[in-house]
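Asks: start.pdb is the file, holding PDB, C-alpha atoms:
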ATOM      1  CA  MET A   1     108.142  72.446 108.678
ATOM      2  CA  THR A   2     108.530  75.045 111.400
ATOM      3  CA  ASP A   3     106.717  78.288 112.166
ATOM      4  CA  VAL A   4     108.625  81.552 111.896
ATOM      5  CA  VAL A   5     109.283  83.039 115.333
ATOM      6  CA  ARG A   6     109.232  86.843 115.207
ATOM      7  CA  ARG A   7     111.027  89.144 117.639
ATOM      8  CA  ASP A   8     107.735  89.885 119.421
ATOM      9  CA  GLY A   9     107.238  86.160 120.060
ATOM     10  CA  ARG A  10     104.419  85.677 117.564
ATOM     11  CA  ARG A  11     104.558  82.658 115.289
ATOM     12  CA  THR A  12     103.539  82.741 111.657
ATOM     13  CA  PRO A  13     103.373  79.702 109.372
ATOM     14  CA  ALA A  14     106.283  79.061 107.007
ATOM     15  CA  VAL A  15     106.125  76.737 104.025
ATOM     16  CA  ARG A  16     109.786  75.724 104.439
ATOM     17  CA  ASP A  17     112.543  76.625 106.860
ATOM     18  CA  TYR A  18     116.282  76.508 107.394
ATOM     19  CA  ARG A  19     117.264  75.904 111.007
ATOM     20  CA  GLY A  20     113.849  77.159 112.097
ATOM     21  CA  HIS A  21     113.890  80.341 110.008
ATOM     22  CA  GLY A  22     111.253  80.623 107.307
ATOM     23  CA  ILE A  23     112.214  80.467 103.637
ATOM     24  CA  HIS A  24     109.918  82.576 101.491
ATOM     25  CA  ALA A  25     111.970  82.370  98.289
ATOM     26  CA  ALA A  26     111.213  79.754  95.658
ATOM     27  CA  PRO A  27     112.582  76.247  96.315
ATOM     28  CA  GLY A  28     116.224  75.947  95.341
ATOM     29  CA  VAL A  29     116.897  79.693  95.288
ATOM     30  CA  HIS A  30     118.794  79.887  98.586
ATOM     31  CA  GLU A  31     120.861  76.819  97.764
ATOM     32  CA  TYR A  32     121.833  78.275  94.387
ATOM     33  CA  ALA A  33     122.581  81.700  95.912
ATOM     34  CA  ALA A  34     124.889  80.151  98.508
ATOM     35  CA  ALA A  35     126.767  78.220  95.820
ATOM     36  CA  LEU A  36     127.134  81.393  93.734
ATOM     37  CA  ALA A  37     128.396  83.368  96.725
ATOM     38  CA  ARG A  38     131.053  80.750  97.439
ATOM     39  CA  SER A  39     132.197  80.839  93.814
ATOM     40  CA  LEU A  40     132.374  84.647  93.783
ATOM     41  CA  LEU A  41     134.504  84.809  96.941
ATOM     42  CA  PRO A  42     136.649  81.663  96.966
ATOM     43  CA  ASP A  43     139.154  83.325  99.311
ATOM     44  CA  GLY A  44     136.580  84.922 101.605
ATOM     45  CA  GLY A  45     135.884  88.592 102.301
ATOM     46  CA  ARG A  46     133.345  90.996 103.804
ATOM     47  CA  VAL A  47     129.782  90.185 102.721
ATOM     48  CA  LEU A  48     126.612  92.232 103.239
ATOM     49  CA  GLU A  49     123.146  90.828 102.657
ATOM     50  CA  VAL A  50     120.432  93.349 101.757
ATOM     51  CA  GLY A  51     116.869  92.191 102.385
ATOM     52  CA  SER A  52     117.577  89.277 104.720
ATOM     53  CA  GLY A  53     113.957  88.758 105.773
ATOM     54  CA  CYS A  54     113.788  86.044 108.419
ATOM     55  CA  GLY A  55     117.515  85.307 108.070
ATOM     56  CA  ALA A  56     117.358  81.847 106.481
ATOM     57  CA  LEU A  57     119.804  82.681 103.678
ATOM     58  CA  ALA A  58     122.194  84.432 106.055
ATOM     59  CA  LEU A  59     122.344  81.316 108.216
ATOM     60  CA  ARG A  60     122.919  79.149 105.144
ATOM     61  CA  LEU A  61     125.747  81.441 104.026
ATOM     62  CA  ARG A  62     127.343  81.329 107.478
ATOM     63  CA  ASP A  63     127.098  77.547 107.529
ATOM     64  CA  ALA A  64     128.916  77.598 104.167
ATOM     65  CA  GLY A  65     131.792  79.478 105.797
ATOM     66  CA  ILE A  66     130.845  82.942 104.524
ATOM     67  CA  ASP A  67     131.182  85.874 106.944
ATOM     68  CA  VAL A  68     127.954  87.742 106.175
ATOM     69  CA  VAL A  69     126.301  90.760 107.813
ATOM     70  CA  PRO A  70     122.513  90.328 107.369
ATOM     71  CA  THR A  71     120.358  93.468 107.100
ATOM     72  CA  ASP A  72     116.722  94.262 106.512
ATOM     73  CA  LEU A  73     114.447  97.291 106.507
ATOM     74  CA  ASP A  74     112.342  95.722 109.271
ATOM     75  CA  PRO A  75     114.481  92.988 110.834
ATOM     76  CA  PRO A  76     112.550  90.327 112.778
ATOM     77  CA  HIS A  77     115.572  89.312 114.890
ATOM     78  CA  ASP A  78     118.155  91.224 116.934
ATOM     79  CA  TRP A  79     121.060  89.602 115.070
ATOM     80  CA  ILE A  80     119.842  91.106 111.770
ATOM     81  CA  ALA A  81     120.876  94.760 111.457
ATOM     82  CA  ARG A  82     118.386  97.395 110.361
ATOM     83  CA  LEU A  83     119.405  99.090 107.123
ATOM     84  CA  ASP A  84     117.363 101.566 105.095
ATOM     85  CA  LEU A  85     119.395 102.342 101.988
ATOM     86  CA  ASP A  86     117.312 105.502 101.419
ATOM     87  CA  ASP A  87     118.185 106.839 104.873
ATOM     88  CA  PRO A  88     121.015 104.715 106.303
ATOM     89  CA  GLU A  89     122.241 104.855 109.878
ATOM     90  CA  TRP A  90     125.634 103.213 109.575
ATOM     91  CA  THR A  91     127.226 100.981 112.168
ATOM     92  CA  GLU A  92     130.680  99.416 112.181
ATOM     93  CA  ASP A  93     129.126  96.221 110.844
ATOM     94  CA  THR A  94     127.098  97.772 108.020
ATOM     95  CA  ARG A  95     129.532 100.447 106.890
ATOM     96  CA  GLY A  96     131.430  99.501 103.710
ATOM     97  CA  PRO A  97     133.427  98.765 101.809
ATOM     98  CA  PHE A  98     132.380  95.160 101.209
ATOM     99  CA  ASP A  99     133.716  92.511  98.861
ATOM    100  CA  LEU A 100     130.267  91.136  98.010
ATOM    101  CA  VAL A 101     126.685  92.329  98.419
ATOM    102  CA  VAL A 102     123.915  89.711  98.214
ATOM    103  CA  CYS A 103     120.376  90.879  97.442
ATOM    104  CA  VAL A 104     118.162  87.859  96.787
ATOM    105  CA  GLU A 105     114.444  88.151  95.938
ATOM    106  CA  THR A 106     114.264  91.760  97.119
ATOM    107  CA  LEU A 107     114.317  94.135  94.133
ATOM    108  CA  GLU A 108     110.787  93.155  93.091
ATOM    109  CA  HIS A 109     109.624  94.652  96.418
ATOM    110  CA  VAL A 110     111.127  98.134  95.918
ATOM    111  CA  GLU A 111     109.833 101.174  94.032
ATOM    112  CA  ASN A 112     113.166 102.191  92.529
ATOM    113  CA  PRO A 113     115.465  99.189  92.006
ATOM    114  CA  ARG A 114     118.087 101.224  90.145
ATOM    115  CA  GLN A 115     118.460 103.562  93.128
ATOM    116  CA  VAL A 116     118.878 100.535  95.400
ATOM    117  CA  LEU A 117     121.553  99.198  93.056
ATOM    118  CA  ARG A 118     123.378 102.555  93.120
ATOM    119  CA  SER A 119     123.302 102.471  96.926
ATOM    120  CA  ILE A 120     124.667  98.923  96.873
ATOM    121  CA  ARG A 121     127.431 100.013  94.496
ATOM    122  CA  ALA A 122     128.470 102.678  97.016
ATOM    123  CA  LEU A 123     128.959  99.938  99.622
ATOM    124  CA  LEU A 124     131.335  97.903  97.455
ATOM    125  CA  ARG A 125     135.040  98.381  96.943
ATOM    126  CA  PRO A 126     136.188  98.672  93.301
ATOM    127  CA  GLY A 127     136.217  95.146  91.928
ATOM    128  CA  GLY A 128     133.688  94.034  94.546
ATOM    129  CA  ARG A 129     130.944  91.663  93.447
ATOM    130  CA  LEU A 130     127.183  91.887  93.274
ATOM    131  CA  LEU A 131     124.738  88.967  93.505
ATOM    132  CA  VAL A 132     121.047  89.717  92.986
ATOM    133  CA  SER A 133     117.974  87.698  92.058
ATOM    134  CA  THR A 134     114.348  88.407  91.181
ATOM    135  CA  PRO A 135     111.413  86.390  89.765
ATOM    136  CA  ASN A 136     112.022  85.400  86.147
ATOM    137  CA  VAL A 137     109.110  87.087  84.383
ATOM    138  CA  THR A 138     110.284  85.783  80.995
ATOM    139  CA  HIS A 139     110.003  82.136  82.076
ATOM    140  CA  PRO A 140     107.597  80.290  79.706
ATOM    141  CA  HIS A 141     105.103  79.715  82.518
ATOM    142  CA  SER A 142     105.144  83.422  83.378
ATOM    143  CA  ARG A 143     104.741  84.356  79.727
ATOM    144  CA  LEU A 144     101.687  82.124  79.446
ATOM    145  CA  LEU A 145     100.172  83.513  82.659
ATOM    146  CA  THR A 146     100.778  87.057  81.404
ATOM    147  CA  LEU A 147      98.913  86.204  78.199
ATOM    148  CA  LEU A 148      96.009  84.573  80.051
ATOM    149  CA  ARG A 149      95.605  86.813  83.098
ATOM    150  CA  GLY A 150      97.817  89.857  82.516
ATOM    151  CA  ALA A 151     100.451  89.094  85.156
ATOM    152  CA  PRO A 152     103.378  86.654  85.367
ATOM    153  CA  TYR A 153     103.983  84.008  88.032
ATOM    154  CA  VAL A 154     104.036  85.445  91.615
ATOM    155  CA  PHE A 155     102.749  88.830  90.387
ATOM    156  CA  GLY A 156      99.291  90.319  90.071
ATOM    157  CA  PRO A 157      96.638  92.124  92.148
ATOM    158  CA  ARG A 158      96.529  89.460  94.866
ATOM    159  CA  LEU A 159     100.297  89.650  95.423
ATOM    160  CA  TYR A 160     100.775  93.395  95.007
ATOM    161  CA  HIS A 161     100.255  94.272  98.677
ATOM    162  CA  SER A 162     101.285  90.969 100.237
ATOM    163  CA  PRO A 163     104.054  89.921  99.794
ATOM    164  CA  GLY A 164     104.502  93.226  97.955
ATOM    165  CA  HIS A 165     105.658  92.179  94.491
ATOM    166  CA  ILE A 166     105.400  95.609  92.829
ATOM    167  CA  THR A 167     108.261  95.738  90.291
ATOM    168  CA  LEU A 168     108.703  93.449  87.285
ATOM    169  CA  LEU A 169     112.314  93.104  86.152
ATOM    170  CA  PRO A 170     112.911  91.088  82.985
ATOM    171  CA  ASP A 171     116.545  90.076  82.635
ATOM    172  CA  TRP A 172     117.316  92.721  79.989
ATOM    173  CA  MET A 173     115.982  95.507  82.230
ATOM    174  CA  LEU A 174     117.761  94.205  85.325
ATOM    175  CA  THR A 175     120.981  94.049  83.304
ATOM    176  CA  GLU A 176     120.635  97.675  82.182
ATOM    177  CA  HIS A 177     119.816  98.838  85.720
ATOM    178  CA  VAL A 178     122.933  97.097  87.005
ATOM    179  CA  ARG A 179     125.179  98.548  84.295
ATOM    180  CA  LEU A 180     123.858 102.075  84.846
ATOM    181  CA  ALA A 181     124.396 101.681  88.602
ATOM    182  CA  GLY A 182     128.148 101.234  88.056
ATOM    183  CA  PHE A 183     128.815  97.568  87.299
ATOM    184  CA  ASP A 184     130.198  95.519  84.444
ATOM    185  CA  ASP A 185     131.044  91.840  83.775
ATOM    186  CA  VAL A 186     127.343  91.081  84.066
ATOM    187  CA  GLU A 187     126.342  87.418  83.958
ATOM    188  CA  VAL A 188     122.752  86.172  84.017
ATOM    189  CA  THR A 189     121.633  82.690  85.060
ATOM    190  CA  THR A 190     118.317  81.174  86.149
ATOM    191  CA  ALA A 191     117.437  78.874  89.029
ATOM    192  CA  GLY A 192     114.668  77.903  91.401
ATOM    193  CA  ASP A 193     111.511  75.816  91.258
ATOM    194  CA  THR A 194     107.822  76.697  91.488
ATOM    195  CA  PHE A 195     105.846  76.393  94.705
ATOM    196  CA  TYR A 196     103.386  74.021  93.007
ATOM    197  CA  ARG A 197     102.740  70.633  94.581
ATOM    198  CA  GLY A 198     100.351  67.746  93.976
ATOM    199  CA  PRO A 199      97.893  68.142  91.067
ATOM    200  CA  MET A 200      99.130  71.675  90.352
ATOM    201  CA  ARG A 201     102.653  70.328  89.954
ATOM    202  CA  ALA A 202     101.468  67.675  87.511
ATOM    203  CA  ALA A 203      99.508  70.262  85.507
ATOM    204  CA  TYR A 204     102.574  72.508  85.427
ATOM    205  CA  ARG A 205     104.697  69.691  84.006
ATOM    206  CA  VAL A 206     102.136  69.028  81.278
ATOM    207  CA  GLU A 207     102.030  72.732  80.461
ATOM    208  CA  MET A 208     105.828  72.975  80.238
ATOM    209  CA  ALA A 209     105.967  69.937  77.942
ATOM    210  CA  ALA A 210     103.358  71.514  75.660
ATOM    211  CA  LEU A 211     105.225  74.826  75.567
ATOM    212  CA  TRP A 212     108.441  72.960  74.776
ATOM    213  CA  LEU A 213     106.762  71.284  71.802
ATOM    214  CA  LEU A 214     105.609  74.717  70.631
ATOM    215  CA  GLY A 215     109.200  75.964  70.744
ATOM    216  CA  ILE A 216     108.777  78.118  73.865
ATOM    217  CA  ARG A 217     111.667  76.683  75.803
ATOM    218  CA  GLN A 218     113.359  77.384  79.114
ATOM    219  CA  ARG A 219     116.962  76.299  79.512
ATOM    220  CA  ALA A 220     117.515  76.800  83.208
ATOM    221  CA  THR A 221     120.889  76.826  84.926
ATOM    222  CA  SER A 222     119.416  75.051  87.942
ATOM    223  CA  GLY A 223     115.943  73.687  88.677
ATOM    224  CA  ASP A 224     113.108  75.148  86.618
ATOM    225  CA  GLY A 225     114.678  78.600  86.369
ATOM    226  CA  VAL A 226     111.755  80.558  87.840
ATOM    227  CA  CYS A 227     114.144  83.177  89.245
ATOM    228  CA  THR A 228     116.713  85.301  87.437
ATOM    229  CA  PHE A 229     120.162  85.587  89.025
ATOM    230  CA  LEU A 230     122.644  88.260  88.056
ATOM    231  CA  THR A 231     126.252  88.693  89.131
ATOM    232  CA  ALA A 232     128.407  91.701  88.273
ATOM    233  CA  THR A 233     131.606  93.532  89.210
ATOM    234  CA  ALA A 234     131.771  97.060  90.633
ATOM    235  CA  VAL A 235     133.799  99.475  88.492
TER     236      VAL A 235
END
Turn this file's structure into structure tokens for me.
Replies:
Amino acid sequence: MTDVVRRDGRRTPAVRDYRGHGIHAAPGVHEYAAALARSLLPDGGRVLEVGSGCGALALRLRDAGIDVVPTDLDPPHDWIARLDLDDPEWTEDTRGPFDLVVCVETLEHVENPRQVLRSIRALLRPGGRLLVSTPNVTHPHSRLLTLLRGAPYVFGPRLYHSPGHITLLPDWMLTEHVRLAGFDDVEVTTAGDTFYRGPMRAAYRVEMAALWLLGIRQRATSGDGVCTFLTATAV
């Protein structure tokens, strides 16, 4: 494991990394996102990533042969462009139209996800593709946590300010936001694993087995399905 190196030279601990850049998404999420992106653009095209963070997914996409322009509201590296969709300052790299916009584990951090989706739609050419993901708040584990403590997995008072998980988006709501933002051909899948390790991981497995016996089942596309993925086509 490697620390994240910020632009100012400070180092902050990272649980996992890709080529030295911290991964703050759930395990398996970046791998699944890269595979989805390749399937959406088999012949290549212009790709914009919104909410790149430390740049780990952008590097993974580039290593997969995808020409991606990474952006973030507060980019930690010079090779990640600054982009505020509420008040954009366009450059030749960030100006559309694009063939695909990737926005992974970002919408839960914003106040108005539908407005962000409308802004993303404006960056896509007609027929362009959208790939977004957000924590799966309807996962059985999240449903149980909501019942017991009032907040699903990776949400709640402790996580409201840091990392800033402020917006819950069940798959039905995310789907409606995407449709109203100007997309169709919506497909929803689930992927990603929990951060639990050691005794917590064992307890989680026992819990999931008990929920399965009670008929509360999760049929994930990949991994444990703790994140919701949605792809759609711009109309």
Asks: For each of A:Asp99, A:Phe195, A:Glu176, A:His109, take the minimum atom-to-atom distance to Ile23 (chain A), counting only C-alpha atoms, then give the residue where this is smallest.
Replies: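 Among the listed residues, the smallest separation from Ile23 (chain A) belongs to A:Phe195.
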Asks: Rank A:Ala202, A:Leu180, A:Ala56, A:Ala26 by their smallest atom-to-atom distance to Asp224 (chain A), using all atoms listed in the file, and report the top residue only.
Replies: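 Looking only at the distances to Asp224 (chain A), the closest residue turns out to be A:Ala26.
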Asks: Please evaluate the PyMOL selection byres ((chain A and resi 111-113) around 12) against the structure above and give the resulting residues as a ChimeraX atom specification.
Replies: /A:85-86,103,105-110,114-120,132-134,160,164-169,173-178,180-181
Asks: Could you please determine the separation between CA of Ser222 (chain A) and CA of Val188 (chain A) in Å, to one decimal place?
Replies: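 Value for the CA of Ser222 (chain A)-CA of Val188 (chain A) distance: 12.3 Å.
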Asks: Translate the PyMOL selection byres ((chain A and resi 45-52) around 9) into a concrete residue list for this structure, as a PyMOL selection string.
Replies: chain A and resi 41-44+53-58+66-75+80+83+93-94+96-107+120+123
Asks: On this structure, the PyMOL selection byres ((chain A and resi 190) around 12) would catch which residues? List them as a ChimeraX atom specification, sorted by chain and number.
Replies: /A:26,28-29,32-33,36,132-139,170-171,187-189,191-193,218-231
Asks: So, counting only C-alpha atoms, which residue among A:Thr194, A:Pro140, A:Gly65, A:Asp184 is closest to Arg217 (chain A)?
Replies: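 Comparing A:Thr194, A:Pro140, A:Gly65, A:Asp184 against Arg217 (chain A), the winner is A:Pro140.
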Asks: Using all atoms listed in the file, which residue out of A:Arg125, A:Arg82, A:Arg60, A:Arg205 lies closest to His21 (chain A)?
Replies: A:Arg60
Asks: To one decimal place in Å, what is the distance between CA of Ala25 (chain A) and CA of Trp79 (chain A)?
Replies: 20.4 Å
Asks: Mind giving me the straight-line distance from CA of Val206 (chain A) to CA of His141 (chain A) in Å, one decimal?
Replies: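 For CA of Val206 (chain A) relative to CA of His141 (chain A), the distance reads 11.2 Å.
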Asks: Restricting the calculation to all atoms listed in the file, which member of A:Glu89, A:Asp17, A:Met208, A:Pro126 is positioned closest to Leu144 (chain A)?
Replies: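 Looking at the shortest contact to Leu144 (chain A), the residue is A:Met208.
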